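target_12.txt, holding compact mmCIF, C-alpha atoms:
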# COMPACT_ATOMS: atom_id res chain seq x y z
CA MET A 1 25.78 -64.42 5.48
CA LYS A 2 25.33 -66.98 8.25
CA GLY A 3 22.25 -68.99 9.17
CA VAL A 4 21.02 -69.75 12.70
CA ILE A 5 18.21 -72.13 13.67
CA VAL A 6 16.87 -71.93 17.23
CA ALA A 7 15.92 -75.49 18.20
CA ALA A 8 16.62 -75.83 21.91
CA GLY A 9 13.05 -75.86 23.28
CA TYR A 10 11.21 -78.77 24.84
CA GLY A 11 8.30 -78.95 22.36
CA THR A 12 5.80 -79.64 25.14
CA ARG A 13 2.76 -79.02 22.92
CA PHE A 14 3.63 -82.26 21.11
CA LEU A 15 3.96 -84.53 24.13
CA PRO A 16 4.18 -87.47 24.47
CA ALA A 17 5.99 -87.76 21.09
CA THR A 18 8.55 -85.13 22.07
CA LYS A 19 9.44 -86.93 25.28
CA THR A 20 12.17 -88.68 23.27
CA VAL A 21 11.96 -87.25 19.73
CA PRO A 22 12.94 -83.60 19.11
CA LYS A 23 9.98 -81.70 17.70
CA GLU A 24 12.22 -80.47 14.88
CA LEU A 25 12.53 -84.07 13.64
CA LEU A 26 8.78 -84.67 13.42
CA PRO A 27 8.17 -85.24 9.70
CA VAL A 28 6.19 -83.11 7.29
CA GLY A 29 5.80 -85.69 4.57
CA THR A 30 8.93 -87.85 4.68
CA ARG A 31 11.31 -85.09 5.78
CA PRO A 32 11.72 -83.52 9.21
CA SER A 33 10.61 -79.92 9.56
CA ILE A 34 14.11 -78.64 10.32
CA ALA A 35 15.38 -80.00 6.99
CA TYR A 36 13.06 -77.59 5.15
CA ILE A 37 14.75 -74.65 6.90
CA VAL A 38 18.25 -75.91 6.07
CA ASP A 39 17.26 -76.43 2.43
CA GLU A 40 15.82 -72.90 2.33
CA PHE A 41 19.09 -71.50 3.68
CA VAL A 42 21.17 -73.40 1.13
CA ALA A 43 18.87 -72.30 -1.72
CA SER A 44 19.42 -68.71 -0.51
CA GLY A 45 23.20 -69.05 -0.68
CA ILE A 46 23.74 -69.63 3.07
CA THR A 47 26.13 -72.52 3.67
CA ASP A 48 27.39 -71.74 7.20
CA ILE A 49 24.60 -72.80 9.56
CA ALA A 50 24.48 -73.07 13.35
CA ILE A 51 21.71 -75.01 15.10
CA ILE A 52 21.10 -74.11 18.75
CA SER A 53 20.06 -77.30 20.50
CA SER A 54 20.13 -78.83 23.98
CA ARG A 55 21.42 -81.98 25.62
CA ARG A 56 18.25 -83.95 24.87
CA LYS A 57 18.58 -83.47 21.11
CA LYS A 58 21.67 -85.34 19.99
CA SER A 59 19.55 -87.04 17.31
CA LEU A 60 19.45 -83.67 15.53
CA GLU A 61 23.22 -83.86 15.16
CA ASP A 62 22.96 -87.45 13.93
CA TYR A 63 20.42 -86.46 11.30
CA PHE A 64 22.80 -83.97 9.66
CA ASP A 65 25.74 -86.37 9.82
CA ARG A 66 26.58 -89.14 7.36
CA GLU A 67 25.01 -92.58 7.80
CA ILE A 68 27.93 -94.77 6.73
CA GLU A 69 26.21 -98.17 7.01
CA LEU A 70 23.20 -97.15 4.93
CA GLU A 71 25.46 -95.46 2.39
CA GLU A 72 27.42 -98.68 1.95
CA ILE A 73 24.25 -100.76 1.57
CA PHE A 74 22.73 -98.42 -1.01
CA ARG A 75 26.02 -98.12 -2.88
CA ARG A 76 26.37 -101.90 -3.00
CA GLU A 77 22.80 -102.24 -4.25
CA GLY A 78 23.22 -99.47 -6.82
CA LYS A 79 20.41 -97.38 -5.30
CA ALA A 80 21.59 -93.88 -6.20
CA ASP A 81 18.16 -92.40 -5.48
CA LYS A 82 18.25 -93.56 -1.87
CA LEU A 83 21.85 -92.44 -1.50
CA ALA A 84 20.72 -88.96 -2.50
CA LEU A 85 17.92 -89.03 0.10
CA ILE A 86 20.32 -89.59 3.01
CA ALA A 87 23.13 -87.30 1.85
CA PRO A 88 23.96 -84.46 4.29
CA PRO A 89 23.10 -80.97 3.01
CA PRO A 90 25.78 -79.11 1.03
CA ALA A 91 26.53 -76.84 3.97
CA ARG A 92 28.68 -76.63 7.08
CA VAL A 93 26.27 -77.36 9.93
CA VAL A 94 27.52 -76.85 13.48
CA PHE A 95 25.70 -77.38 16.76
CA VAL A 96 25.77 -75.17 19.85
CA ARG A 97 24.00 -76.24 23.02
CA GLN A 98 22.00 -73.94 25.24
CA ALA A 99 22.71 -75.44 28.67
CA GLU A 100 19.77 -73.67 30.34
CA MET A 101 16.42 -72.64 28.86
CA ARG A 102 16.71 -68.90 29.51
CA GLY A 103 14.90 -67.37 26.55
CA THR A 104 15.58 -66.59 22.90
CA GLY A 105 18.01 -63.77 23.65
CA HIS A 106 20.12 -66.07 25.81
CA ALA A 107 19.95 -68.78 23.13
CA LEU A 108 21.21 -66.41 20.43
CA MET A 109 24.09 -65.29 22.62
CA GLN A 110 25.44 -68.84 22.37
CA VAL A 111 26.20 -68.34 18.65
CA ALA A 112 27.72 -64.85 18.85
CA SER A 113 31.24 -66.16 18.19
CA PHE A 114 29.98 -68.27 15.27
CA VAL A 115 28.30 -65.27 13.65
CA GLY A 116 31.19 -62.90 14.37
CA SER A 117 30.92 -59.66 12.39
CA ASP A 118 28.67 -61.13 9.69
CA PRO A 119 24.92 -60.64 9.22
CA CYS A 120 22.81 -63.71 9.88
CA VAL A 121 19.34 -65.04 9.18
CA VAL A 122 17.64 -66.48 12.28
CA ALA A 123 14.86 -69.04 11.87
CA TYR A 124 12.65 -71.11 14.12
CA PRO A 125 11.68 -74.56 12.79
CA ASP A 126 8.00 -73.86 13.54
CA ASP A 127 7.83 -71.52 10.54
CA LEU A 128 8.09 -73.20 7.15
CA HIS A 129 7.82 -71.39 3.83
CA ILE A 130 6.52 -72.46 0.43
CA GLY A 131 7.19 -70.26 -2.57
CA GLU A 132 9.29 -69.66 -5.65
CA ARG A 133 11.78 -67.38 -3.87
CA PRO A 134 13.15 -68.78 -0.60
CA LEU A 135 12.17 -66.69 2.41
CA ALA A 136 15.77 -66.17 3.53
CA ARG A 137 16.63 -64.89 0.06
CA GLN A 138 13.82 -62.34 0.31
CA LEU A 139 15.28 -61.00 3.55
CA ILE A 140 18.79 -60.91 2.08
CA ASP A 141 17.51 -58.84 -0.86
CA VAL A 142 16.18 -56.19 1.56
CA TRP A 143 19.42 -56.27 3.57
CA GLU A 144 21.45 -55.72 0.41
CA LYS A 145 19.35 -52.66 -0.44
CA THR A 146 19.17 -51.12 3.05
CA GLY A 147 21.98 -52.53 5.21
CA LYS A 148 19.41 -52.82 8.00
CA THR A 149 18.18 -55.63 10.22
CA VAL A 150 15.12 -57.12 8.48
CA MET A 151 11.91 -58.52 10.00
CA ALA A 152 9.77 -60.89 7.94
CA THR A 153 6.08 -60.01 7.99
CA ILE A 154 2.73 -61.03 6.59
CA HIS A 155 -0.32 -58.80 6.11
CA GLU A 156 -3.11 -59.91 8.44
CA PRO A 157 -6.36 -58.08 7.54
CA GLY A 158 -8.25 -59.34 10.60
CA ASP A 159 -7.66 -59.18 14.34
CA VAL A 160 -3.93 -58.77 15.15
CA SER A 161 -4.22 -58.56 18.94
CA ARG A 162 -2.42 -61.92 19.33
CA TYR A 163 0.62 -60.85 17.30
CA GLY A 164 3.66 -58.63 17.28
CA VAL A 165 2.75 -55.77 14.93
CA VAL A 166 5.08 -53.53 12.95
CA ASP A 167 4.62 -49.76 12.83
CA PRO A 168 5.87 -49.01 9.30
CA ALA A 169 7.66 -45.77 8.42
CA PRO A 170 6.27 -43.66 5.56
CA ASP A 171 8.84 -45.14 3.15
CA GLY A 172 7.04 -48.51 3.38
CA VAL A 173 10.29 -50.32 4.18
CA SER A 174 11.66 -49.04 7.50
CA VAL A 175 10.25 -49.90 10.92
CA ARG A 176 9.64 -47.03 13.32
CA GLY A 177 8.01 -49.08 16.06
CA PHE A 178 6.89 -52.54 17.15
CA VAL A 179 3.93 -53.35 19.40
CA GLU A 180 3.48 -56.75 21.00
CA LYS A 181 -0.19 -57.86 21.16
CA PRO A 182 -1.84 -54.46 20.72
CA SER A 183 -5.39 -53.92 21.92
CA ARG A 184 -8.01 -54.24 19.21
CA GLY A 185 -8.38 -50.95 17.38
CA ARG A 186 -5.03 -49.63 18.64
CA GLU A 187 -2.76 -51.60 16.33
CA PRO A 188 -0.29 -49.43 14.34
CA SER A 189 -0.85 -51.53 11.20
CA HIS A 190 -1.80 -55.01 10.10
CA GLU A 191 1.80 -55.93 9.27
CA VAL A 192 2.51 -58.92 11.52
CA SER A 193 5.95 -60.30 12.41
CA ILE A 194 6.32 -64.03 11.77
CA GLY A 195 9.48 -64.52 13.82
CA ARG A 196 12.02 -64.73 10.98
CA TYR A 197 14.82 -62.19 11.09
CA LEU A 198 17.97 -61.09 9.34
CA TYR A 199 20.19 -59.47 11.96
CA ALA A 200 22.79 -56.88 10.99
CA PRO A 201 26.22 -57.24 12.70
CA GLU A 202 25.45 -54.65 15.42
CA PHE A 203 22.68 -56.88 16.81
CA PHE A 204 24.92 -59.13 18.91
CA PRO A 205 26.79 -56.34 20.78
CA LEU A 206 23.37 -54.91 21.71
CA LEU A 207 22.23 -58.36 22.81
CA ALA A 208 25.25 -58.56 25.14
CA GLU A 209 24.52 -55.05 26.41
CA GLY A 210 20.98 -56.05 27.36
CA TRP A 211 22.19 -59.22 29.04
CA ALA A 212 24.53 -57.19 31.26
CA LYS A 213 21.49 -55.25 32.52
CA HIS A 214 19.21 -58.29 32.81
CA ASP A 215 17.94 -59.00 36.32
CA GLY A 216 16.97 -62.66 36.03
CA GLY A 217 14.39 -64.86 34.34
CA GLU A 218 14.17 -65.43 30.60
CA TYR A 219 16.00 -63.00 28.35
CA PHE A 220 14.57 -62.24 24.93
CA HIS A 221 16.00 -60.82 21.71
CA THR A 222 13.60 -57.87 21.89
CA TYR A 223 16.01 -55.69 23.89
CA ALA A 224 18.48 -55.55 20.99
CA LEU A 225 15.73 -55.33 18.39
CA ASP A 226 14.12 -52.36 20.17
CA ARG A 227 17.45 -50.52 20.31
CA LEU A 228 17.91 -51.03 16.56
CA ILE A 229 14.37 -49.79 15.86
CA GLU A 230 15.02 -46.68 17.97
CA ALA A 231 18.16 -46.04 15.89
CA GLY A 232 16.22 -46.39 12.60
CA LYS A 233 18.16 -49.50 11.65
CA VAL A 234 15.33 -52.00 11.07
CA ALA A 235 13.36 -52.73 7.89
CA PHE A 236 10.58 -55.19 7.17
CA ALA A 237 9.87 -57.49 4.25
CA ARG A 238 6.34 -58.68 3.52
CA ILE A 239 6.98 -62.22 2.39
CA GLU A 240 6.00 -63.74 -0.92
CA GLY A 241 4.67 -67.28 -0.79
CA GLU A 242 2.90 -69.25 1.90
CA ARG A 243 3.87 -69.56 5.54
CA LEU A 244 3.13 -72.79 7.40
CA ASP A 245 3.08 -72.56 11.20
CA THR A 246 3.87 -75.98 12.66
CA GLY A 247 4.24 -74.73 16.23
CA ASP A 248 1.07 -76.42 17.49
CA PRO A 249 -0.63 -79.71 16.58
CA ALA A 250 -3.32 -78.04 14.45
CA GLY A 251 -0.81 -76.11 12.35
CA TYR A 252 1.40 -79.17 12.05
CA PHE A 253 -1.56 -81.21 10.82
CA LEU A 254 -2.40 -78.57 8.20
CA ALA A 255 1.23 -78.56 7.03
CA ILE A 256 1.07 -82.32 6.52
CA LEU A 257 -2.12 -81.92 4.46
CA ARG A 258 -0.54 -79.10 2.45
CA ASN A 259 2.47 -81.30 1.75
CA ALA A 260 0.27 -84.21 0.69
CA ALA A 261 -1.76 -81.96 -1.63
CA ALA A 262 1.45 -80.91 -3.40
CA ASP A 263 2.79 -84.47 -3.75
CA PRO A 264 1.49 -86.26 -6.90
CA SER A 265 1.92 -89.64 -5.23
CA LEU A 266 -0.11 -88.64 -2.16
CA ARG A 267 -2.74 -86.25 -3.52
CA PRO A 268 -5.05 -89.00 -4.89
CA HIS A 269 -5.17 -90.62 -1.44
CA LEU A 270 -5.94 -87.26 0.17
CA GLU A 271 -8.72 -86.56 -2.33
CA ARG A 272 -10.23 -90.01 -1.83
CA PHE A 273 -10.20 -89.55 1.94
CA ALA A 274 -11.84 -86.12 1.57
CA ARG A 275 -14.61 -87.57 -0.63
CA GLU A 276 -15.26 -90.37 1.87
CA LEU A 277 -15.31 -87.90 4.75
CA VAL A 278 -17.87 -85.71 2.96
CA ALA A 279 -19.99 -88.75 2.12
CA GLN A 280 -20.07 -89.79 5.78
CA ALA A 281 -21.07 -86.32 6.99

Go ahead and express the file in the form of structure tokens.
Amino acid sequence: MKGVIVAAGYGTRFLPATKTVPKELLPVGTRPSIAYIVDEFVASGITDIAIISSRRKKSLEDYFDREIELEEIFRREGKADKLALIAPPPARVVFVRQAEMRGTGHALMQVASFVGSDPCVVAYPDDLHIGERPLARQLIDVWEKTGKTVMATIHEPGDVSRYGVVDPAPDGVSVRGFVEKPSRGREPSHEVSIGRYLYAPEFFPLLAEGWAKHDGGEYFHTYALDRLIEAGKVAFARIEGERLDTGDPAGYFLAILRNAAADPSLRPHLERFARELVAQA
């Protein structure tokens, strides 16, 4: 099982910070958001990871490399705790650049040779997960039972007209259709895709097939996904745990608060701030 993280975008919703700092390195607590995805992969047993980046994001590569000078300082000072904080993850992390921003399908084609004939979990750093069982592991469990491509979903009881919505098969596992932004009242279910996938090996040949027919503009992964759905080769997994969407400033801010609430050293400061805010209202 391989892991792929799509991190080539410009992050324009976070300008001006992302003018020079990749959005994936913006911290949630004291760790960048992309590190949470890598840790999730490793905890799920995935140790071969490709990060799709672009020429403006060399600092991403630096982050996952060793920092020799700091290591030497901390070793000399006997600070094992700080040495552990800067240690690279126990995984093989490679970087592939997307030279042109031509959509998610085009981005994924850049890692086809890395993935080879293996299945892979594809993640976007905007979607973080908190829970006892890592999200990637949950998708792998469904793959091991079905052998199918797996879409991660959440149940959204309210309006789903802004989402991609799964049409579940009667078995409660397979996907028989997928509707992007259905009109209110015409949604096939309230099972919403959150943009985390486990792709079976046949995904990449279908991705190449769609690219050969593409007539310009951005190319998305949906061509290959639709072909797999038509062939009855896609399942879904309603995730356990909490999903944090850091793709816009509001979601990012909530993720920071959620992180602070779970940190014993930060929670008292958060509670004090909340009391003062209420008192001022």

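Nearest residue to Gly116 (chain A) among A:Ala262, A:Thr246, A:Arg267, A:Pro201 is A:Pro201, counting all atoms listed in the file.
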
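Distances from A:Gln138, A:Ser53, A:Ser161, A:Thr47 to Ile239 (chain A) were compared using only C-alpha atoms, and the smallest one belongs to A:Gln138.
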
Item to check | Exercise: residues within 8 Å of coordinate (9.5, -74.2, 9.2), counting all atoms listed in the file, as a PyMOL selection string | outcome: chain A and resi 33-34+36-37+123-129+244-246

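Using only C-alpha atoms, the shortest contact distance between Arg243 (chain A) and any of A:Ser189, A:Ser183, A:Ser113, A:Thr153 is found at A:Thr153.
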
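Straight-line separation from CA of Gly3 (chain A) to CA of Arg133 (chain A): 16.8 Å.
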
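Between Ala169 (chain A) and the residues A:Lys23, A:Lys233, A:Lys2, A:His155, the shortest atom-to-atom distance, using only C-alpha atoms, involves A:Lys233.
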
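Comparing A:Pro119, A:Gly247, A:Gly185, A:Pro27 by their smallest distance to Ala7 (chain A), the closest is A:Gly247 (using only C-alpha atoms).
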
Item to check | Close residues, Ala224 (chain A) itself excluded, 9 Å, only C-alpha atoms, min 2 positions apart in chain, as a list in words | outcome: Gly105, Glu202, Phe203, Phe204, Pro205, Leu206, Leu207, Ala208, Glu209, Gly210, Phe220, His221, Thr222, Asp226, Arg227, Leu228 and Ile229 of chain A

Take the selection from the previous step and output its residues with C-alpha atoms, as a PDB file, in the coordinates of the input.
ATOM      1  CA  GLY A 105      18.010 -63.770  23.650  1.00  0.00           C
ATOM      2  CA  GLU A 202      25.450 -54.650  15.420  1.00  0.00           C
ATOM      3  CA  PHE A 203      22.680 -56.880  16.810  1.00  0.00           C
ATOM      4  CA  PHE A 204      24.920 -59.130  18.910  1.00  0.00           C
ATOM      5  CA  PRO A 205      26.790 -56.340  20.780  1.00  0.00           C
ATOM      6  CA  LEU A 206      23.370 -54.910  21.710  1.00  0.00           C
ATOM      7  CA  LEU A 207      22.230 -58.360  22.810  1.00  0.00           C
ATOM      8  CA  ALA A 208      25.250 -58.560  25.140  1.00  0.00           C
ATOM      9  CA  GLU A 209      24.520 -55.050  26.410  1.00  0.00           C
ATOM     10  CA  GLY A 210      20.980 -56.050  27.360  1.00  0.00           C
ATOM     11  CA  PHE A 220      14.570 -62.240  24.930  1.00  0.00           C
ATOM     12  CA  HIS A 221      16.000 -60.820  21.710  1.00  0.00           C
ATOM     13  CA  THR A 222      13.600 -57.870  21.890  1.00  0.00           C
ATOM     14  CA  ASP A 226      14.120 -52.360  20.170  1.00  0.00           C
ATOM     15  CA  ARG A 227      17.450 -50.520  20.310  1.00  0.00           C
ATOM     16  CA  LEU A 228      17.910 -51.030  16.560  1.00  0.00           C
ATOM     17  CA  ILE A 229      14.370 -49.790  15.860  1.00  0.00           C
TER      18      ILE A 229
END

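Of note, CA of Val122 (chain A) and CA of Tyr223 (chain A) are spaced 15.9 Å apart.
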
Next on the checklist: From the options A:Gly232, A:Pro249, A:Gly216, A:Gly11, which residue's atoms come nearest to Gly103 (chain A), counting all atoms listed in the file?
Outcome noted: A:Gly216

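Non-sequential neighbours of Val28 (chain A) (distance at most 7 Å, separation of 6 or more positions within a chain, all atoms listed in the file) are A:Ala255, A:Ile256, A:Asn259.
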
Next on the checklist: Which residues are close to Gly131 (chain A), i.e. within 8 Å by all atoms listed in the file, leaving aside same-chain residues fewer than 2 positions away? Reply as JSON, numbers by chain.
Outcome noted: {"A": [129, 133, 134, 135, 240, 241, 242]}

Checklist entry - So how far away is CA of Tyr10 (chain A) from CA of Gln98 (chain A), in Å? => result 11.8 Å

With all heavy atoms as the goal, would you fill in the gaps in region 249-260 of chain A and present it as a PDB file, in the coordinates of the input?
ATOM      1  N   PRO A 249      -0.148 -78.548  17.305  1.00  0.00           N
ATOM      2  CA  PRO A 249      -0.630 -79.710  16.580  1.00  0.00           C
ATOM      3  C   PRO A 249      -1.543 -79.387  15.406  1.00  0.00           C
ATOM      4  O   PRO A 249      -1.468 -80.034  14.360  1.00  0.00           O
ATOM      5  CB  PRO A 249      -1.359 -80.527  17.660  1.00  0.00           C
ATOM      6  CG  PRO A 249      -0.625 -80.186  18.920  1.00  0.00           C
ATOM      7  CD  PRO A 249      -0.282 -78.714  18.783  1.00  0.00           C
ATOM      8  N   ALA A 250      -2.413 -78.379  15.544  1.00  0.00           N
ATOM      9  CA  ALA A 250      -3.320 -78.040  14.450  1.00  0.00           C
ATOM     10  C   ALA A 250      -2.546 -77.529  13.235  1.00  0.00           C
ATOM     11  O   ALA A 250      -2.797 -77.947  12.099  1.00  0.00           O
ATOM     12  CB  ALA A 250      -4.335 -76.995  14.911  1.00  0.00           C
ATOM     13  N   GLY A 251      -1.609 -76.623  13.460  1.00  0.00           N
ATOM     14  CA  GLY A 251      -0.810 -76.110  12.350  1.00  0.00           C
ATOM     15  C   GLY A 251       0.059 -77.176  11.724  1.00  0.00           C
ATOM     16  O   GLY A 251       0.247 -77.211  10.505  1.00  0.00           O
ATOM     17  N   TYR A 252       0.587 -78.059  12.550  1.00  0.00           N
ATOM     18  CA  TYR A 252       1.400 -79.170  12.050  1.00  0.00           C
ATOM     19  C   TYR A 252       0.566 -80.092  11.163  1.00  0.00           C
ATOM     20  O   TYR A 252       0.991 -80.508  10.084  1.00  0.00           O
ATOM     21  CB  TYR A 252       1.974 -79.933  13.240  1.00  0.00           C
ATOM     22  CG  TYR A 252       2.725 -81.190  12.884  1.00  0.00           C
ATOM     23  CD1 TYR A 252       3.929 -81.141  12.188  1.00  0.00           C
ATOM     24  CD2 TYR A 252       2.238 -82.441  13.261  1.00  0.00           C
ATOM     25  CE1 TYR A 252       4.621 -82.300  11.868  1.00  0.00           C
ATOM     26  CE2 TYR A 252       2.925 -83.605  12.956  1.00  0.00           C
ATOM     27  CZ  TYR A 252       4.116 -83.524  12.258  1.00  0.00           C
ATOM     28  OH  TYR A 252       4.792 -84.682  11.940  1.00  0.00           O
ATOM     29  N   PHE A 253      -0.665 -80.365  11.601  1.00  0.00           N
ATOM     30  CA  PHE A 253      -1.560 -81.210  10.820  1.00  0.00           C
ATOM     31  C   PHE A 253      -1.872 -80.566   9.464  1.00  0.00           C
ATOM     32  O   PHE A 253      -1.849 -81.227   8.422  1.00  0.00           O
ATOM     33  CB  PHE A 253      -2.848 -81.434  11.609  1.00  0.00           C
ATOM     34  CG  PHE A 253      -3.923 -82.173  10.858  1.00  0.00           C
ATOM     35  CD1 PHE A 253      -3.754 -83.498  10.488  1.00  0.00           C
ATOM     36  CD2 PHE A 253      -5.103 -81.531  10.520  1.00  0.00           C
ATOM     37  CE1 PHE A 253      -4.749 -84.171   9.797  1.00  0.00           C
ATOM     38  CE2 PHE A 253      -6.100 -82.199   9.821  1.00  0.00           C
ATOM     39  CZ  PHE A 253      -5.919 -83.526   9.458  1.00  0.00           C
ATOM     40  N   LEU A 254      -2.119 -79.268   9.453  1.00  0.00           N
ATOM     41  CA  LEU A 254      -2.400 -78.570   8.200  1.00  0.00           C
ATOM     42  C   LEU A 254      -1.178 -78.586   7.276  1.00  0.00           C
ATOM     43  O   LEU A 254      -1.319 -78.694   6.053  1.00  0.00           O
ATOM     44  CB  LEU A 254      -2.828 -77.133   8.482  1.00  0.00           C
ATOM     45  CG  LEU A 254      -4.201 -76.965   9.140  1.00  0.00           C
ATOM     46  CD1 LEU A 254      -4.435 -75.515   9.520  1.00  0.00           C
ATOM     47  CD2 LEU A 254      -5.311 -77.463   8.220  1.00  0.00           C
ATOM     48  N   ALA A 255       0.010 -78.500   7.850  1.00  0.00           N
ATOM     49  CA  ALA A 255       1.230 -78.560   7.030  1.00  0.00           C
ATOM     50  C   ALA A 255       1.375 -79.930   6.373  1.00  0.00           C
ATOM     51  O   ALA A 255       1.799 -80.025   5.215  1.00  0.00           O
ATOM     52  CB  ALA A 255       2.446 -78.253   7.895  1.00  0.00           C
ATOM     53  N   ILE A 256       1.019 -80.971   7.098  1.00  0.00           N
ATOM     54  CA  ILE A 256       1.070 -82.320   6.520  1.00  0.00           C
ATOM     55  C   ILE A 256       0.085 -82.428   5.362  1.00  0.00           C
ATOM     56  O   ILE A 256       0.402 -82.981   4.296  1.00  0.00           O
ATOM     57  CB  ILE A 256       0.762 -83.376   7.602  1.00  0.00           C
ATOM     58  CG1 ILE A 256       1.920 -83.440   8.613  1.00  0.00           C
ATOM     59  CG2 ILE A 256       0.533 -84.744   6.976  1.00  0.00           C
ATOM     60  CD1 ILE A 256       1.635 -84.335   9.797  1.00  0.00           C
ATOM     61  N   LEU A 257      -1.128 -81.893   5.540  1.00  0.00           N
ATOM     62  CA  LEU A 257      -2.120 -81.920   4.460  1.00  0.00           C
ATOM     63  C   LEU A 257      -1.648 -81.101   3.263  1.00  0.00           C
ATOM     64  O   LEU A 257      -1.818 -81.521   2.104  1.00  0.00           O
ATOM     65  CB  LEU A 257      -3.459 -81.372   4.966  1.00  0.00           C
ATOM     66  CG  LEU A 257      -4.194 -82.203   6.019  1.00  0.00           C
ATOM     67  CD1 LEU A 257      -5.482 -81.499   6.445  1.00  0.00           C
ATOM     68  CD2 LEU A 257      -4.487 -83.602   5.518  1.00  0.00           C
ATOM     69  N   ARG A 258      -1.057 -79.950   3.537  1.00  0.00           N
ATOM     70  CA  ARG A 258      -0.540 -79.100   2.450  1.00  0.00           C
ATOM     71  C   ARG A 258       0.556 -79.821   1.681  1.00  0.00           C
ATOM     72  O   ARG A 258       0.618 -79.752   0.448  1.00  0.00           O
ATOM     73  CB  ARG A 258      -0.006 -77.788   3.048  1.00  0.00           C
ATOM     74  CG  ARG A 258       0.571 -76.820   2.031  1.00  0.00           C
ATOM     75  CD  ARG A 258      -0.517 -76.262   1.136  1.00  0.00           C
ATOM     76  NE  ARG A 258       0.026 -75.273   0.214  1.00  0.00           N
ATOM     77  CZ  ARG A 258       0.697 -75.557  -0.895  1.00  0.00           C
ATOM     78  NH1 ARG A 258       0.917 -76.816  -1.229  1.00  0.00           N
ATOM     79  NH2 ARG A 258       1.131 -74.583  -1.679  1.00  0.00           N
ATOM     80  N   ASN A 259       1.408 -80.525   2.386  1.00  0.00           N
ATOM     81  CA  ASN A 259       2.470 -81.300   1.750  1.00  0.00           C
ATOM     82  C   ASN A 259       1.897 -82.425   0.901  1.00  0.00           C
ATOM     83  O   ASN A 259       2.342 -82.663  -0.229  1.00  0.00           O
ATOM     84  CB  ASN A 259       3.409 -81.855   2.824  1.00  0.00           C
ATOM     85  CG  ASN A 259       4.512 -82.726   2.252  1.00  0.00           C
ATOM     86  OD1 ASN A 259       4.359 -83.933   2.121  1.00  0.00           O
ATOM     87  ND2 ASN A 259       5.629 -82.118   1.915  1.00  0.00           N
ATOM     88  N   ALA A 260       0.885 -83.113   1.434  1.00  0.00           N
ATOM     89  CA  ALA A 260       0.270 -84.210   0.690  1.00  0.00           C
ATOM     90  C   ALA A 260      -0.426 -83.703  -0.565  1.00  0.00           C
ATOM     91  O   ALA A 260      -0.380 -84.337  -1.620  1.00  0.00           O
ATOM     92  CB  ALA A 260      -0.728 -84.946   1.585  1.00  0.00           C
TER      93      ALA A 260
END
